[in-house]
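Chemist: Got run-v5.cif for you, mmCIF, C-alpha atoms and all ligand atoms:
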```cif
data_protein
#
loop_
_atom_site.label_atom_id
_atom_site.label_comp_id
_atom_site.auth_asym_id
_atom_site.auth_seq_id
_atom_site.Cartn_x
_atom_site.Cartn_y
_atom_site.Cartn_z
CA MET A 1 161.24 47.52 141.59
CA SER A 2 159.38 44.65 139.92
CA LYS A 3 161.29 41.65 138.70
CA PRO A 4 162.07 41.44 134.97
CA THR A 5 160.04 39.36 132.55
CA PHE A 6 161.93 37.05 130.23
CA VAL A 7 159.82 35.83 127.33
CA ILE A 8 160.89 32.84 125.28
CA VAL A 9 159.07 32.28 121.99
CA GLY A 10 159.18 28.64 120.88
CA ALA A 11 158.48 25.92 123.41
CA SER A 12 160.59 23.13 121.99
CA LEU A 13 164.03 21.83 122.91
CA ALA A 14 165.91 25.15 122.69
CA GLY A 15 163.21 27.17 124.42
CA ALA A 16 162.67 24.66 127.23
CA LYS A 17 166.39 24.23 127.90
CA ALA A 18 166.88 28.01 127.86
CA ALA A 19 164.16 28.39 130.49
CA GLU A 20 165.80 25.67 132.57
CA GLU A 21 169.19 27.34 132.23
CA LEU A 22 167.82 30.71 133.32
CA ARG A 23 166.64 29.18 136.59
CA THR A 24 169.88 27.22 136.99
CA CYS A 25 171.82 30.46 136.64
CA GLY A 26 169.70 32.14 139.29
CA PHE A 27 167.33 34.26 137.22
CA ASP A 28 164.40 34.88 139.57
CA GLY A 29 162.20 37.02 137.36
CA ARG A 30 159.14 35.94 135.45
CA ILE A 31 159.74 33.41 132.67
CA LEU A 32 157.08 33.04 130.01
CA LEU A 33 157.61 30.17 127.57
CA ILE A 34 155.22 30.49 124.62
CA GLY A 35 154.76 27.77 122.03
CA ALA A 36 152.49 27.25 119.06
CA GLU A 37 152.19 23.51 119.56
CA PRO A 38 149.60 22.03 121.90
CA ASP A 39 152.07 19.76 123.71
CA ARG A 40 154.62 20.71 126.32
CA PRO A 41 158.20 20.73 124.96
CA TYR A 42 159.35 17.45 123.46
CA GLU A 43 162.37 16.17 121.56
CA ARG A 44 161.92 15.34 117.90
CA PRO A 45 164.49 12.57 117.27
CA PRO A 46 162.45 9.81 118.96
CA LEU A 47 159.61 10.56 116.54
CA THR A 48 161.56 9.00 113.68
CA LYS A 49 163.31 6.36 115.77
CA ASP A 50 162.37 4.47 118.93
CA TYR A 51 158.96 6.10 119.41
CA LEU A 52 158.02 5.47 115.78
CA ARG A 53 159.09 1.84 116.16
CA GLY A 54 156.96 1.53 119.29
CA GLU A 55 159.99 0.99 121.49
CA SER A 56 159.46 3.95 123.80
CA GLU A 57 156.53 5.80 125.28
CA ARG A 58 155.36 9.26 124.29
CA GLU A 59 156.13 10.56 127.80
CA GLN A 60 159.83 9.80 127.38
CA ALA A 61 160.12 12.21 124.47
CA HIS A 62 159.27 15.23 126.60
CA VAL A 63 162.13 17.53 127.55
CA HIS A 64 160.96 17.79 131.16
CA PRO A 65 158.48 16.02 133.42
CA ALA A 66 154.99 17.55 133.43
CA ASP A 67 155.41 19.20 136.83
CA PHE A 68 158.80 20.76 136.01
CA TYR A 69 157.43 24.06 134.72
CA ALA A 70 155.23 24.74 137.74
CA GLN A 71 158.01 23.73 140.12
CA GLN A 72 160.42 26.12 138.41
CA GLU A 73 157.80 28.85 138.13
CA ILE A 74 158.06 28.83 134.37
CA GLU A 75 154.79 29.90 132.79
CA LEU A 76 154.33 27.51 129.89
CA VAL A 77 151.75 28.72 127.37
CA THR A 78 151.04 26.14 124.68
CA GLY A 79 148.90 26.30 121.55
CA VAL A 80 149.55 30.01 121.17
CA THR A 81 151.40 31.65 118.27
CA VAL A 82 153.28 34.91 118.54
CA THR A 83 152.17 36.92 115.53
CA ALA A 84 154.18 40.11 115.97
CA VAL A 85 157.22 41.36 117.84
CA GLU A 86 157.78 45.05 118.42
CA PRO A 87 161.31 45.43 119.81
CA GLY A 88 160.97 49.21 120.06
CA ARG A 89 158.08 48.84 122.50
CA SER A 90 159.39 45.62 124.10
CA GLN A 91 156.16 43.84 123.43
CA LEU A 92 154.76 41.05 121.35
CA THR A 93 151.30 40.08 120.17
CA LEU A 94 149.69 36.67 120.46
CA ASP A 95 147.29 35.13 117.96
CA ASP A 96 144.35 36.11 120.18
CA SER A 97 145.51 39.75 119.95
CA TYR A 98 146.74 39.69 123.55
CA VAL A 99 149.81 41.90 124.01
CA VAL A 100 152.67 40.78 126.26
CA GLY A 101 155.45 43.04 127.47
CA TYR A 102 158.96 41.80 128.08
CA ASP A 103 162.30 42.94 129.44
CA ARG A 104 164.27 40.20 127.70
CA LEU A 105 163.24 38.18 124.66
CA LEU A 106 164.59 34.96 123.20
CA LEU A 107 163.34 33.76 119.84
CA ALA A 108 163.72 29.98 119.81
CA THR A 109 161.36 29.34 116.93
CA GLY A 110 163.50 26.75 115.15
CA SER A 111 162.95 26.08 111.49
CA GLU A 112 160.80 23.96 109.23
CA PRO A 113 161.84 21.99 106.17
CA ARG A 114 160.64 23.26 102.85
CA ARG A 115 157.83 21.15 101.48
CA LEU A 116 158.53 19.26 98.30
CA GLN A 117 156.49 20.87 95.54
CA VAL A 118 155.10 17.92 93.66
CA PRO A 119 151.79 17.76 91.83
CA ARG A 120 150.25 15.13 94.09
CA ARG A 121 151.09 12.49 96.62
CA GLY A 122 152.25 9.24 95.17
CA PRO A 123 152.83 5.76 96.51
CA GLY A 124 155.63 5.60 99.07
CA ARG A 125 155.73 9.37 99.47
CA HIS A 126 154.65 10.71 102.85
CA LEU A 127 154.92 13.88 104.85
CA LEU A 128 155.99 13.19 108.42
CA PRO A 129 155.06 16.24 110.50
CA ALA A 130 157.10 17.08 113.58
CA HIS A 131 154.12 16.33 115.78
CA ALA A 132 153.50 12.93 114.17
CA ARG A 133 151.82 10.49 116.49
CA ARG A 134 152.38 6.80 116.45
CA LEU A 135 149.28 5.03 115.19
C1 LIG B 201 161.09 14.12 112.99
C2 LIG B 201 162.42 14.74 113.36
C3 LIG B 201 163.51 13.94 113.72
C4 LIG B 201 164.73 14.51 114.07
N1 LIG B 201 165.79 13.71 114.39
C5 LIG B 201 166.97 14.27 114.72
C6 LIG B 201 168.09 13.46 115.07
O1 LIG B 201 168.02 12.24 115.08
N2 LIG B 201 169.26 14.07 115.41
C7 LIG B 201 169.38 15.44 115.41
O2 LIG B 201 170.45 15.96 115.73
N3 LIG B 201 168.33 16.22 115.08
C8 LIG B 201 167.14 15.68 114.75
N4 LIG B 201 166.10 16.48 114.40
C9 LIG B 201 166.28 17.93 114.45
C10 LIG B 201 166.10 18.44 115.89
O3 LIG B 201 164.94 17.88 116.43
C11 LIG B 201 166.05 19.95 115.84
O4 LIG B 201 167.37 20.39 115.60
C12 LIG B 201 165.54 20.54 117.15
O5 LIG B 201 164.19 20.18 117.32
C13 LIG B 201 165.65 22.02 117.10
O6 LIG B 201 165.08 22.50 118.30
P1 LIG B 201 164.58 23.97 118.41
O7 LIG B 201 163.96 24.12 119.78
O8 LIG B 201 165.67 24.91 118.05
O9 LIG B 201 163.49 24.17 117.27
P2 LIG B 201 162.16 23.37 116.97
O10 LIG B 201 162.21 22.00 117.52
O11 LIG B 201 161.91 23.56 115.51
O12 LIG B 201 161.07 24.17 117.80
C14 LIG B 201 160.67 25.48 117.50
C15 LIG B 201 159.33 25.68 118.19
O13 LIG B 201 158.94 27.03 118.04
C16 LIG B 201 157.55 27.05 117.78
N5 LIG B 201 157.25 28.30 117.09
C17 LIG B 201 157.69 28.69 115.88
N6 LIG B 201 157.20 29.91 115.58
C18 LIG B 201 156.44 30.27 116.66
C19 LIG B 201 155.66 31.43 116.96
N7 LIG B 201 155.58 32.47 116.09
N8 LIG B 201 154.97 31.49 118.13
C20 LIG B 201 155.05 30.45 119.03
N9 LIG B 201 155.78 29.32 118.79
C21 LIG B 201 156.46 29.25 117.62
C22 LIG B 201 157.30 25.84 116.91
O14 LIG B 201 155.94 25.46 116.95
C23 LIG B 201 158.21 24.81 117.59
O15 LIG B 201 157.54 24.12 118.61
C24 LIG B 201 164.87 15.93 114.05
C25 LIG B 201 163.78 16.73 113.69
C26 LIG B 201 162.57 16.15 113.36
C27 LIG B 201 161.39 17.05 112.96
#
```
Show the structure stored in the file as structure tokens.

Modeler:
Amino acid sequence: MSKPTFVIVGASLAGAKAAEELRTCGFDGRILLIGAEPDRPYERPPLTKDYLRGESEREQAHVHPADFYAQQEIELVTGVTVTAVEPGRSQLTLDDSYVVGYDRLLLATGSEPRRLQVPRRGPGRHLLPAHARRL
């Protein structure tokens, strides 16, 4: 019998830690961690604190070292959005129309703040996206 596939949608803090925990608990099936952002999982708080102030490096904000996912046999797929989930067929669709089957699914897609609906940007008013980079 083939090993089960555990798909995690959302490659941020929750998704990355869930993948880690699966391995820690002995899950030896396939783990697919799919995230819409181009970067590997990172923590957001430094973006508005030490990283923004230039007091820490970008690398430190990542949840795991770059080689962690390969070492743990976690397939990290970045820059890909899941566009549909069909629980009845245990499959989901990616933004390139590719269909992925799963045995277990975790949705760790987080949330986004509502944008302030104002007529136009004014002085002192800025949008700070989650993926903001220090200039
Ligand atoms: C700038 C900033 C500063 C913060 N500072 C603090 C702080 O100081 N203290 C604190 O407690 N909290 C802070 N937070 C909040 C904290 O970072 C969040 O609670 C935490 O990131 C939640 O993690 P998460 O993995 O659940 O969701 P998220 O971090 O929101 O990640 C969800 C991920 O899922 C991906 N995703 C969503 N839909 C799809 C899809 N359909 N297909 C593929 N991928 C998808 C998203 O791209 C995202 O990468 C801060 C947040 C921000 C943005």

Chemist: Can I get the residues close to ligand LIG 201 (chain B) as a list in words, where close means within 7 Å and we count all atoms listed in the file?

Modeler: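 Here is the list of contacting residues: Val9, Gly10, Ala11, Ser12, Leu13, Ala14, Gly15, Ile34, Gly35, Ala36, Glu37, Glu43, Arg44, Pro45, Pro46, Leu47, Thr48, Val80, Thr81, Val82, Thr83, Ala108, Thr109, Gly110, Ser111, Glu112, Leu128, Pro129 and Ala130 of chain A.
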
Chemist: Rank A:Arg40, A:Lys17, A:Pro113, A:Glu59 by their smallest atom-to-atom distance to Gly79 of chain A, using only C-alpha atoms, and report the top residue only.

Modeler: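 Nearest candidate to Gly79 of chain A out of A:Arg40, A:Lys17, A:Pro113, A:Glu59: A:Arg40.
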
Chemist: Take every atom of segment 39-51 of chain A listed in the file, fit an axis-aligned box around them, add 5 Å per side, and give the centre and edge lengths in Å to one decimal as lines of an AutoDock Vina configuration file.

Modeler:
```
center_x = 158.3
center_y = 12.6
center_z = 120.0
size_x = 22.4
size_y = 26.3
size_z = 22.6
```

Chemist: Could you tell me how far atom CA of Val63 of chain A sits from atom CA of Leu76 of chain A, in Å to one decimal place?

Modeler: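 These atoms are spaced 12.9 Å apart.
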
Chemist: Got a sec: who's within 12 Å of Pro87 of chain A, counting all atoms listed in the file, leaving out chain neighbours fewer than 4 positions off, as number ranges by chain?

Modeler: A: 91-93, 100-107

Chemist: Considering all atoms listed in the file, return as a count of residues only whatever protein or nucleic-acid residues lie within 12 Å of Phe68 of chain A, sequence-local ones (same chain, fewer than 2 positions apart) excluded.

Modeler: 19

Chemist: So which residues fall inside 12 Å of (164.0, 44.2, 138.2) if we count all atoms listed in the file? Mind giving them as an mmCIF file with C-alpha atoms, in the coordinates of the input?

Modeler:
```
data_model
loop_
_atom_site.group_PDB
_atom_site.id
_atom_site.type_symbol
_atom_site.label_atom_id
_atom_site.label_comp_id
_atom_site.auth_asym_id
_atom_site.auth_seq_id
_atom_site.Cartn_x
_atom_site.Cartn_y
_atom_site.Cartn_z
ATOM 1 C CA MET A 1 161.240 47.520 141.590
ATOM 2 C CA SER A 2 159.380 44.650 139.920
ATOM 3 C CA LYS A 3 161.290 41.650 138.700
ATOM 4 C CA PRO A 4 162.070 41.440 134.970
ATOM 5 C CA THR A 5 160.040 39.360 132.550
ATOM 6 C CA PHE A 6 161.930 37.050 130.230
ATOM 7 C CA PHE A 27 167.330 34.260 137.220
ATOM 8 C CA ASP A 28 164.400 34.880 139.570
ATOM 9 C CA GLY A 29 162.200 37.020 137.360
ATOM 10 C CA ARG A 30 159.140 35.940 135.450
ATOM 11 C CA TYR A 102 158.960 41.800 128.080
ATOM 12 C CA ASP A 103 162.300 42.940 129.440
ATOM 13 C CA ARG A 104 164.270 40.200 127.700
#
```

Chemist: With all atoms listed in the file as the basis for distance, which of A:Ala18, A:Val77, A:Cys25, A:Ala61 is at the shortest distance from Leu94 of chain A?

Modeler: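 Nearest to Leu94 of chain A: A:Val77.
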
Chemist: As an exercise, work out the distance from atom CA of Asp96 of chain A to atom CA of Pro38 of chain A in Å and give it to one decimal place.

Modeler: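 Distance reported for this atom pair: 15.1 Å.
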
Chemist: Could you tell me how far atom CA of Arg58 of chain A lies from atom CA of Thr78 of chain A, in Å and to one decimal?

Modeler: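 A separation of 17.4 Å between them.
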